[in-house]
Structures are given as C-alpha cells and as structure tokens.
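K.L.:
Handing you a structure now.
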Amino acid sequence: MADSVKKWYVVRAIGGQENKVKNYIENEISRLGLSDYVDQVLVPTEKVVQVRNGKKSTRERVYFPGYIMVEANLTGEVPHVIKAVTGVIGFLGETKGGEPVPMRQSEINRMLGKVDELTVQPDHNIAIPYTVGETVKVIDGPFNGFDGVIENIHEEKRKLEVMVKIFGRKTPLELNYMQVDKIS
C-alpha cells in the first residue's frame, strides 16, 4: 500500500554534512520500522579530477550542496521523523506549516540521469586534443608559465613530450595532458 504513492522530495540539510544527515535519516527510518515508507535517500555527487603537485586525483563532490533527495510516502509520522533528524532544516518548497511539495518528473529524470551519468567511469580511449608541432603553454609543475612545442605524443602513457626553451637551450619535458593548455 505504501509503495503506490512514493514521490521524490528535497530535504534541506546543513551544508557540508549531507552524507552524515543521509546516514542519520536512514538509521532513524530503520530504527522506527518505517522502511516501507522510505525507499531511497540520495546525496547527488559528481566525480571531480584535480591536479595537485603534478598528480591527478579523483574525488567526489556534492552536486547540490545542502540538499538531499528522498523517495518516500510522506504519510503519518514520516515527514515529522525526517524533519526531527539532526542536521535537517526542512523540506524544500513547503509553505510554513504546509505540505512538502514533491519534485516534478522532469526534475527527477534530470537528477537521476545526471547521477547515473556521473557514476560512469571516464573512457580512457579519448581522442588526444593535441598534435605534434603544436605550441602549448605549461600550466602546472615546476615549468609553469613556459611555452613549448609538442615533439612527441605517447598515447599509451597518456603523456606529451614538450620541448621548452630554458636559458636559451631546448629542454625536453614529459607532461600529461592536464599539465598543458593550448595557446589560442
């Protein structure tokens, strides 16, 4: 019975604590035996690639800071239980003392599609955006700010061999694609 009218709602939470609040909601729902009324609690995240000190690292970042998506049937005590959880500010779209407003189907599809799209691993067979003989600017590492010419492309290592002029002498550098930028 509870399964037939489940809709997606947006819960406002304290920024930076979305995952903690998600766990609190899940624990509280299971503790009170209301699992039939709440299907999913979701914090949309995206994978972000960062280059720090010449090393590429991937980390997850919250896509909608301060918001948690909940698929639930808000009947009886369920909305009050969710609102009472530590870190929850309230439901998005509710008027003062009124009913929470469910998300539109188009918003749900866009949100779930975006989450699915972001969880797909990046394809390593991406076309190389550089060509031999092209002039590029080094944007990361000890030679940051230097201009150079691409001498060779090592596809298997995903690296570029760039010839940079330092103190009047040409010096070869091996850089990854994230360390250089095209000069327009």
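Ligands are numbered from 1 in the order shown, residues from 1 within each chain, and chains are lettered A, B, ... in the order they appear in the structure tokens.
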Give me the residues near stretch 77-85 of chain A as a VMD selection string, where near means some atom within 8 Å (using only C-alpha atoms) and where sequence neighbours in that chain fewer than 3 positions away do not count.

P.N.:
chain A and resid 21 24 to 25 28 to 29 34 37 73 to 74 88 to 91

K.L.:
Output C-alpha atoms for every residue in the selection just made, as a CSV table (one decimal), in the first residue's frame.

P.N.:
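The resulting file, out.csv, is shown below:
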chain,number,residue,atom,x,y,z
A,21,VAL,CA,22.5,13.7,7.6
A,24,TYR,CA,21.0,9.8,10.2
A,25,ILE,CA,17.8,9.7,8.2
A,28,GLU,CA,16.2,6.7,12.1
A,29,ILE,CA,13.8,5.3,9.5
A,34,LEU,CA,9.3,3.0,8.6
A,37,TYR,CA,7.5,4.4,3.5
A,73,ASN,CA,5.5,8.2,1.0
A,74,LEU,CA,5.0,11.2,3.4
A,88,VAL,CA,17.7,18.6,8.7
A,89,ILE,CA,16.4,22.1,8.1
A,90,GLY,CA,13.2,21.1,6.5
A,91,PHE,CA,11.6,20.1,3.2

K.L.:
Enumerate as a ChimeraX atom specification all residues of stretch 20-117 of chain A assigned to helix (DSSP H, G or I) by DSSP on the backbone, naming them with the chain letters and numbers the document uses.

P.N.:
/A:20-31,78-84,105-117

K.L.:
Mind the document's chain letters and residue numbers, and return as a PyMOL selection string the residues of stretch 40-173 of chain A that DSSP labels strand (DSSP E or B).

P.N.:
chain A and resi 40-42+45-52+55-62+67-72+88-91+135-138+147-154+159-166+169-173

K.L.:
Kindly export the residues of the current selection with N, CA and C atoms, as a short mmCIF file (atom, residue, chain, number, x, y, z; two decimals), in the first residue's frame.

P.N.:
data_model
loop_
_atom_site.label_atom_id
_atom_site.label_comp_id
_atom_site.auth_asym_id
_atom_site.auth_seq_id
_atom_site.Cartn_x
_atom_site.Cartn_y
_atom_site.Cartn_z
N GLN A 40 14.49 5.46 -0.95
CA GLN A 40 15.89 5.87 -1.15
C GLN A 40 16.14 7.21 -0.50
N VAL A 41 17.36 7.37 -0.01
CA VAL A 41 17.85 8.66 0.44
C VAL A 41 19.13 8.87 -0.36
N LEU A 42 19.19 9.96 -1.12
CA LEU A 42 20.25 10.13 -2.10
C LEU A 42 20.92 11.49 -1.96
N THR A 45 26.21 13.27 -6.12
CA THR A 45 27.62 13.67 -6.13
C THR A 45 28.16 13.58 -7.55
N GLU A 46 29.27 14.26 -7.79
CA GLU A 46 29.94 14.18 -9.08
C GLU A 46 31.42 13.91 -8.83
N LYS A 47 32.06 13.23 -9.78
CA LYS A 47 33.49 12.96 -9.68
C LYS A 47 34.24 14.15 -10.28
N VAL A 48 35.20 14.67 -9.52
CA VAL A 48 35.98 15.82 -9.95
C VAL A 48 37.44 15.40 -10.03
N VAL A 49 38.09 15.72 -11.14
CA VAL A 49 39.51 15.41 -11.30
C VAL A 49 40.30 16.65 -10.94
N GLN A 50 41.24 16.50 -10.01
CA GLN A 50 42.07 17.61 -9.58
C GLN A 50 43.53 17.28 -9.86
N VAL A 51 44.30 18.30 -10.18
CA VAL A 51 45.74 18.13 -10.34
C VAL A 51 46.41 18.91 -9.22
N ARG A 52 47.09 18.17 -8.34
CA ARG A 52 47.82 18.80 -7.24
C ARG A 52 49.25 18.30 -7.26
N LYS A 55 50.16 15.59 -9.62
CA LYS A 55 49.48 14.30 -9.52
C LYS A 55 47.99 14.51 -9.73
N LYS A 56 47.39 13.63 -10.54
CA LYS A 56 45.96 13.72 -10.82
C LYS A 56 45.21 12.85 -9.82
N SER A 57 44.21 13.44 -9.16
CA SER A 57 43.42 12.67 -8.20
C SER A 57 41.93 12.91 -8.48
N THR A 58 41.13 11.88 -8.24
CA THR A 58 39.69 11.97 -8.43
C THR A 58 39.03 11.96 -7.07
N ARG A 59 38.10 12.89 -6.87
CA ARG A 59 37.36 12.91 -5.61
C ARG A 59 35.90 13.21 -5.92
N GLU A 60 35.04 12.85 -4.98
CA GLU A 60 33.61 13.10 -5.16
C GLU A 60 33.25 14.41 -4.50
N ARG A 61 32.41 15.19 -5.20
CA ARG A 61 31.94 16.46 -4.68
C ARG A 61 30.41 16.45 -4.73
N VAL A 62 29.79 17.02 -3.70
CA VAL A 62 28.33 17.07 -3.65
C VAL A 62 27.85 17.98 -4.77
N TYR A 67 21.47 19.90 -0.05
CA TYR A 67 20.21 19.24 -0.41
C TYR A 67 20.38 17.72 -0.46
N ILE A 68 19.34 17.01 0.01
CA ILE A 68 19.30 15.55 -0.03
C ILE A 68 17.98 15.18 -0.69
N MET A 69 17.99 14.20 -1.59
CA MET A 69 16.77 13.74 -2.24
C MET A 69 16.26 12.49 -1.52
N VAL A 70 14.95 12.47 -1.24
CA VAL A 70 14.33 11.36 -0.52
C VAL A 70 13.13 10.86 -1.32
N GLU A 71 13.10 9.56 -1.60
CA GLU A 71 11.94 8.96 -2.25
C GLU A 71 11.10 8.33 -1.14
N ALA A 72 9.93 8.91 -0.91
CA ALA A 72 9.14 8.46 0.25
C ALA A 72 7.66 8.69 0.04
N VAL A 88 18.77 18.32 9.67
CA VAL A 88 17.74 18.60 8.67
C VAL A 88 17.12 19.96 8.98
N ILE A 89 17.03 20.82 7.96
CA ILE A 89 16.41 22.13 8.12
C ILE A 89 14.92 22.03 7.83
N GLY A 90 14.57 21.24 6.81
CA GLY A 90 13.16 21.07 6.46
C GLY A 90 13.04 20.60 5.02
N PHE A 91 11.83 20.48 4.56
CA PHE A 91 11.59 20.09 3.18
C PHE A 91 11.62 21.33 2.30
N THR A 135 52.07 24.47 -30.49
CA THR A 135 52.65 25.22 -29.38
C THR A 135 51.66 25.22 -28.22
N VAL A 136 52.18 24.87 -27.04
CA VAL A 136 51.34 24.81 -25.85
C VAL A 136 52.00 25.59 -24.71
N LYS A 137 51.19 25.91 -23.69
CA LYS A 137 51.69 26.60 -22.50
C LYS A 137 51.63 25.61 -21.34
N VAL A 138 52.70 25.50 -20.57
CA VAL A 138 52.74 24.63 -19.40
C VAL A 138 51.97 25.35 -18.29
N ASP A 147 56.30 28.32 -22.48
CA ASP A 147 55.70 27.87 -23.73
C ASP A 147 56.63 26.84 -24.35
N GLY A 148 56.04 25.85 -25.04
CA GLY A 148 56.85 24.83 -25.68
C GLY A 148 56.14 24.26 -26.89
N VAL A 149 56.88 23.44 -27.64
CA VAL A 149 56.34 22.81 -28.85
C VAL A 149 56.27 21.30 -28.59
N ILE A 150 55.14 20.69 -28.96
CA ILE A 150 54.98 19.25 -28.77
C ILE A 150 55.85 18.52 -29.79
N GLU A 151 56.78 17.69 -29.29
CA GLU A 151 57.68 16.94 -30.14
C GLU A 151 57.17 15.53 -30.39
N ASN A 152 56.50 14.95 -29.37
CA ASN A 152 56.06 13.57 -29.47
C ASN A 152 54.85 13.36 -28.57
N ILE A 153 53.99 12.41 -28.95
CA ILE A 153 52.82 12.08 -28.14
C ILE A 153 52.90 10.60 -27.79
N HIS A 154 52.94 10.28 -26.49
CA HIS A 154 52.98 8.90 -26.02
C HIS A 154 51.56 8.52 -25.58
N LYS A 159 50.96 10.79 -22.20
CA LYS A 159 51.90 11.88 -21.93
C LYS A 159 52.29 12.58 -23.22
N LEU A 160 52.78 13.80 -23.08
CA LEU A 160 53.29 14.59 -24.20
C LEU A 160 54.76 14.87 -23.95
N GLU A 161 55.54 14.85 -25.00
CA GLU A 161 56.94 15.28 -24.90
C GLU A 161 56.98 16.70 -25.46
N VAL A 162 57.24 17.67 -24.60
CA VAL A 162 57.21 19.07 -24.97
C VAL A 162 58.63 19.63 -24.88
N MET A 163 59.04 20.35 -25.93
CA MET A 163 60.36 20.97 -25.97
C MET A 163 60.21 22.42 -25.52
N VAL A 164 60.85 22.76 -24.37
CA VAL A 164 60.74 24.08 -23.78
C VAL A 164 62.11 24.74 -23.82
N LYS A 165 62.15 26.05 -24.12
CA LYS A 165 63.41 26.79 -24.15
C LYS A 165 63.66 27.39 -22.77
N ILE A 166 64.74 26.89 -22.12
CA ILE A 166 65.10 27.38 -20.80
C ILE A 166 66.53 27.90 -20.87
N ARG A 169 68.41 27.27 -24.09
CA ARG A 169 68.62 25.89 -24.53
C ARG A 169 67.29 25.15 -24.55
N LYS A 170 67.10 24.29 -25.55
CA LYS A 170 65.88 23.49 -25.63
C LYS A 170 66.00 22.31 -24.67
N THR A 171 64.95 22.15 -23.85
CA THR A 171 64.92 21.08 -22.86
C THR A 171 63.63 20.27 -23.04
N PRO A 172 63.75 18.92 -23.17
CA PRO A 172 62.53 18.11 -23.32
C PRO A 172 61.86 17.86 -21.96
N LEU A 173 60.54 17.99 -21.94
CA LEU A 173 59.76 17.71 -20.74
C LEU A 173 58.71 16.65 -21.08
#

K.L.:
For a test of reading the model, state the distance in Å between atom CA of A:Lys157 and atom CA of A:Gly145, rounded to one decimal.

P.N.:
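Rounded to one decimal, the two atoms are 23.5 Å apart.
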
K.L.:
To one decimal place, how far is atom CA of A:Gly87 from atom CA of A:Gln17 in Å?

P.N.:
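Result for atom CA of A:Gly87 versus atom CA of A:Gln17: 7.5 Å, one decimal.
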
K.L.:
Quick one: distance from atom CA of A:Pro44 to atom CA of A:Tyr63 in Å, one decimal?

P.N.:
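Atom-to-atom, atom CA of A:Pro44 and atom CA of A:Tyr63 are spaced 5.4 Å apart.
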